[in-house]
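Have a look at the structure below, then the notes.
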Amino acid sequence: METSEKPAVRCSKCDREMDHYNTFLSPTNEESVVCWQCLAREEKGFNAKRDFHRTARTGVIGR
Ligand SMILES: [Zn+2]
């Protein structure tokens, strides 16, 4: 059964049709669609280290 009313949209990064995605508006007013898989991948590549530290830090501070 269909629960989602959103149509699948082609991700502008991996070029696959996904129904879980975010839409970003570029400064030139263009919409770009990035699926959650690409988002997750980018986030990991981007701040894997930083995120690691942050999580560890907040655990230590906890104030
Ligand atoms: Zn993608």
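By convention here, the chains of the structure tokens are called A, B, ... in the order presented, each chain's residues are numbered starting at 1, and ligands are numbered starting at 1 in the order presented.
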- Message: Show me which residues are within 7 Å of ligand 1 counting only C-alpha atoms and all ligand atoms, and format the list as a list in words.
- Response: Cys11, Ser12, Lys13, Cys14, Asp15, Arg16, Val34, Cys35, Trp36, Gln37 and Cys38 of chain A
Selection export as an mmCIF file, in the first residue's frame, atoms kept: N, CA and C atoms:
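Contents of result_31.cif, as written:
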```
data_model
loop_
_atom_site.group_PDB
_atom_site.id
_atom_site.type_symbol
_atom_site.label_atom_id
_atom_site.label_comp_id
_atom_site.auth_asym_id
_atom_site.auth_seq_id
_atom_site.Cartn_x
_atom_site.Cartn_y
_atom_site.Cartn_z
ATOM 1 N N CYS A 11 17.778 12.143 -7.663
ATOM 2 C CA CYS A 11 18.835 12.800 -6.899
ATOM 3 C C CYS A 11 19.841 13.402 -7.868
ATOM 4 N N SER A 12 20.267 14.631 -7.579
ATOM 5 C CA SER A 12 21.179 15.289 -8.509
ATOM 6 C C SER A 12 22.612 14.817 -8.308
ATOM 7 N N LYS A 13 22.839 14.006 -7.301
ATOM 8 C CA LYS A 13 24.205 13.518 -7.062
ATOM 9 C C LYS A 13 24.393 12.109 -7.611
ATOM 10 N N CYS A 14 23.532 11.216 -7.186
ATOM 11 C CA CYS A 14 23.737 9.832 -7.607
ATOM 12 C C CYS A 14 22.837 9.463 -8.775
ATOM 13 N N ASP A 15 21.924 10.370 -9.141
ATOM 14 C CA ASP A 15 21.111 10.166 -10.330
ATOM 15 C C ASP A 15 20.169 8.972 -10.213
ATOM 16 N N ARG A 16 19.754 8.695 -8.992
ATOM 17 C CA ARG A 16 18.782 7.620 -8.807
ATOM 18 C C ARG A 16 17.492 8.237 -8.322
ATOM 19 N N VAL A 34 18.911 16.191 -3.145
ATOM 20 C CA VAL A 34 19.952 15.290 -2.673
ATOM 21 C C VAL A 34 19.298 14.242 -1.791
ATOM 22 N N CYS A 35 19.483 13.005 -2.144
ATOM 23 C CA CYS A 35 18.827 11.944 -1.397
ATOM 24 C C CYS A 35 19.522 11.713 -0.058
ATOM 25 N N TRP A 36 18.851 11.031 0.807
ATOM 26 C CA TRP A 36 19.380 10.867 2.161
ATOM 27 C C TRP A 36 20.653 10.033 2.150
ATOM 28 N N GLN A 37 20.790 9.180 1.167
ATOM 29 C CA GLN A 37 22.000 8.363 1.123
ATOM 30 C C GLN A 37 23.208 9.219 0.800
ATOM 31 N N CYS A 38 23.042 10.132 -0.146
ATOM 32 C CA CYS A 38 24.144 11.031 -0.477
ATOM 33 C C CYS A 38 24.407 11.968 0.690
#
```
- Query: What's the 9 Å shell around Val33 in chain A, counting only C-alpha atoms, without same-chain residues fewer than 5 positions away, as a count of residues only?
  - Reply: 10
